[in-house]
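Comments concern the structure below.
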Amino acid sequence: MKKLHVKCSVFVFCFCAAHPFNHLIDTLQTEKNKAKKYFNPQKLGDPKYERLPFSIRVLLEAAIRKCDGFYVKQEDVQNILNWEKLQNEAEIPFSPARVLLQDFTGIPALVDLAAMRDAVAKNGIDPNLINPKCPTDLIVDHSLQIDFSKCAIQNAPNPGGGDGHGATQRSVPGRLSSRSSQCGSSRGGCSKGSCSDAPSSSSKAPVVQIENTPLLCPFHLQPVSEQETALKNQEMELIRNKERLQFFKWCSKAFKNVSVVPPDIGSVHQVNLEYLSRVVQESEGFVFPDSVVGTDSHTTMINGLGILGWGVGGIESEAVMLGQPVSLTLPQVVGCKLVGSISTLATSIDIVLGITKHLRQAGISGKFVEFFGPGVSQLSAADRTTIANMCPEYNATVSFFPVDETTLKHFKQTNHTGFNYSLLKYKVTKVNPTFIVWVLGVTLSNLSTSLTSLQVLCVCLFIYLFIYLIIYLLNQVGFKGFHIPREKQGILVPFQHEGTEYTLSHGSVVIAAVISCTNNCNPSVMLTAGLLAKKAKEAGLTVKPYIRTSLAPGSGMVTHYLNASGVLPYLSQLGFEVIGYGCATCVGNTAPLPESVVDAIKEGDLVACGVLSGSRHFEGRLCDCVRANYLASPPLVVAYAIAGTVGIDFEKEPLGLNAEGKEVFLKDVWPSKEEVQDVEEHTVVASIFRALRMEKLPFWNNMDVPDSVLFPWDPKSTYIRCPPFFSKLSKEVSVPGSIDNAHALLFLGNKVTTDHISPAGSIARISAAAKYLQSKRLTPREFNSYGARRGNDAVMTRGTFASIKLQNRLIGKTGPKTLHVPSGQMLDVFEAAERYQRDGFPLIILAGKEYGSGSSRDWAAKGPYLLGVRAVIAESFEKMHKNHLVGMGIAPLQFLPGQNADSLELSGKERFSISLPEELTPQQELTVLTSTGKSFSVVTLFENEMDVAFYRHGGLLKYVARSMLQ
């Protein structure tokens with residue numbers, strides 16, 4: 001087995017010159033009369049090709065082009081051709097054209113590559129050989145925090161980072177200077193008087209002066225214009241994340257095939273749509289269909305442009321970067337035939353949600369969806385990308401729209417430079433519905449707007465978006481639900497804010513954010529929000545000043561058309577001003593709530609709510625005191641902010657009262673489809689895209705980075721550290737021995753998500769990660785977030801299982817604690833793992849069903865590995881997370897059908913011994929023996945020999961590094 005691995009590893013880097021499908025090479029004449037080569041699957045002469053869905057044809061072309069006899073075999077090509085018979089059965093490889101990373105998931109991947117260079121250099125190998133083999137784009141979009149917003153009540157922000165030194169006197173080159181302004185705003189004046197009334201520097205909340213910005217009031221920030229607010233947030237972002245940005249820039253210079261898009265440009269999915277996508281790619285004289293895998297949940301958006309792509313985890317993305325194909329089961333394709341005409345009363349979001357509803361009801365989990373029919377031509381590129389983005393909400397893998405004239409029109413409008421439209425000839429073709437086994441019909445004329453549909457829309461844009469608050473409160477929702485007794489549901493808690501008394505109740509909205517995901521790619525939806533804000537403001541409606549409101553566009557293009565249409569000032573007057581470009585609220589980067597609001601929530605033990613146009617609403621992620629987070633479209637985020645509660649029936653109850661005391665309903669301020677279309681046609685123009693591409697980034701261009709092959713690790717850095725994955729790396733494979741006398745680090749239940757395993761939000765002040773940062777002389781305001789510190793293994797390991805919602809049966813209550821069995825002490829998970837490792841005990845984890853569900857995260861596997869976890873025994877696994885465990889050298893073991901920890905009467909306090917044979921095989925049955933004398937069987941979830949190889953090598957990273965050493 002060992003010899004086979006060495007032989008295969010050598011083969012990876014010695015690609016055979018004789019391609020098995022050379023006879024399929026064809027030529028294509030371009031507009032400039034230049035011949036381009038491509039692999040033409042039609043030359044196979046196989047009638048089965050004509051029956052393949054277009055999305056499957058992309059998989060086939062990639063398999064033909066990448067066929068090397070090792071990663072991709074001729075057998076794989078035949079399996080894809082036999083799609084009709086082998087769908088849901090055959091395991092196939094897919095080599096995408098490119099990889100898309102956002103900074104939170106991208107930084108650990110690049111840190112691993114930098115560490116791999118160190119490892120091979122120590123063994124006498126040229127580190128220049130370590131580069132991504134697949135073109136990789138990284139977009140810095142997750143580091144933005146809302147330090148400044150209109151009349152935001154918070155302490156003066158501290159940028160953090162470094163060795164604990166403040167950065168209040170630093171400046172960032174290339175920033176515009178801000179103008180001072182008066183305290184107070186349209187959302188409420190300053191009850192503290194002028195800023196000259198601020199307390200002295202010896203007070204609890206000192207006045208902070210940041211160079212090039214005005215003096216900040218310690219009780220609230222002075223209201224500033226949209227541009228100044230965004231600039232201030234961006235300046236803080238650059239100061240706070242300087243170490244990370246310097247590392248990214250070094251990567252863009254040191255590594256081949258790595259391109260970095262700096263911050264302040266836009267969110268990853270929108271940059272992908274506007275700048276990176278090409279439909280047809282070209283490399284080494286060959287043209288081929290564009291395709292992508294990305295570490296962002298919105299990667300599926302790109303399928304709206306006829307580009308096959310979906311989201312993967314960080315470790316899978318690293319595998320693709322290092323030349324490994326993605327492994328997937330040949331998917332079933334569901335055809336969605338669109339017929340009829342769109343109603344004049346239906347908005348874009350009505351169409352999207354109507355299609356989403358139909359697809360959810362169809363039960364298409366894990367399948368590809370492909371759209372066809374006469375109704376497709378009525379959908380704009382923006383509508384298609386929004387529908388494609390909804391894949392996770394109806395559990396499809398992709399929702400694919402084949403390239404047509406609408407796609408070409410989009411690319412012309414967005415001014416893709418150097419784009420050769422003749423290369424699309426073999427991609428633009430008529431859709432033949434006969435190739436699809438299962439056809440679902442949707443009549444567009446039946447999808448119309450109504451107040452009922454708006455009611456359904458609001459709670460969760462991606463599932464049915466409204467559930468009455470009372471129903472939600474009355475029901476316990478699994479281990480992560482809440483239960484409010486009937487007698488407490490009507491509680492009202494008064495509080496003072498800026499000299500005015502307000503009340504909070506269950507369901508009160510305290511965070512309302514239009515943020516940079518899901519809807520920003522669709523101008524009609526964003527313009528609907530802007531026009532609604534305009535009508536609401538003209539009707540005399542306002543947003544209560546204590547609600548934390550914000551607008552984080554997906555890119556500068558959104559700001560351009562909102563400004564050009566004249567609606568941006570109205571959004572700003574309601575509190576939805578532009579705070580910057582990038583992910584903010586949904587990744588936990590919102591500003592702290594006013595202390596009076598927090599106190600009121602705690603006093604009444606209230607279920608306060610956040611409403612956002614994002615994609616994630618896990619409890620506690622937005623803010624630890626906001627227990628219920630709901631997803632909504634941008635116009636409904638504005639509507640709920642005005643209403644101030646999610647417990648409203650829009651059809652029967654008014655949004656509010658105007659100055660004359662007249663009731664104003666949602667229907668009174670909701671813009672018509674004609675209004676939105678008219679504004680969109682006149683404001684979303686190609687010149688916007690040209691202007692953005694000409695934008696200069698002096699702060700990035702002027703940033704100094706070392707010109708070196710190896711990254712110079714700074715031992716004082718709290719953001720970037722060389723990870724220990726390659727410590728004691730040897731040329732020879734040390735066969736993993738059996739797991740003897742292991743303790744269970746955790747005993748978990750069902751549906752443990754990656755948010756429980758590796759939290760993404762703020763770092764709690766009493767956590768193990770906080771203790772580490774405090775030991776580095778950082779204050780709590782300098783902690784930043786777990787996401788921002790993913791390049792530091794010391795923080796991320798301590799943050800593993802640090803969720804406040806973790807339900808560990810060893811301790812019987814919620815929290816990031818566990819039982820250290822030998823001593824009987826209850827400790828932080830990290831401290832217990834550290835003690836186990838010190839005493840020489842291996843660790844396992846016991847879990848229930850769907851372990852590792854939720855958003856994929858590489859540190860959800862890397863963290864347990866560094867804690868000393870050797871295996872996870874669960875009833876079932878989320879597939880992507882299971883692959884991550886294998887990629888880190890952790891064995892995913894599954895109870896036999898009908899068995900679980902309870903049926904086996906396991907307490908979690910036993911010691912476990914697992915016999916691992918030297919010749920492991922996929923799906924092998926193993927025996928687990930406990931210290932109580934009980935034994936049971938488990939099945940290894942290695943899918944193929946490659947999985948076994950990764951596990952034997954100690955994970956993917958060591959496998960690739962060891963291949964280089966051979």
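Residue numbering restarts at 1 in every chain; chains get A, B, ... in the order shown in the structure tokens, and ligands count up from 1 in that same order.
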Residues near segment 651-662 of chain A, cut-off 10 Å, only C-alpha atoms, skip fewer than 2 positions along chain, as a list in words: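 These residues fall inside the cut-off: Ser450, Leu451, Thr452, Leu454, Gln455, Ala536, Lys537, Glu538, Ala539, Gly540, Leu541, Thr542, Val543, Ala639, Tyr640, Ala641, Ile642, Ala643, Gly644, Thr645, Ile648, Asp649, Val664, Phe665, Leu666, Lys667, Asp668 and Val669 of chain A.
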Name all residues at most 12 Å from Ser823 of chain A (count only C-alpha atoms; drop same-chain ones fewer than 4 positions away) and give them as a PyMOL selection string. chain A and resi 818-819+827+832+835-836+839+909
Mind checking which residues fall within 8 Å of Val376 of chain A, counting only C-alpha atoms, ignoring those fewer than 5 positions away in the same chain, and posting them as a ChimeraX atom specification? /A:338-339,371
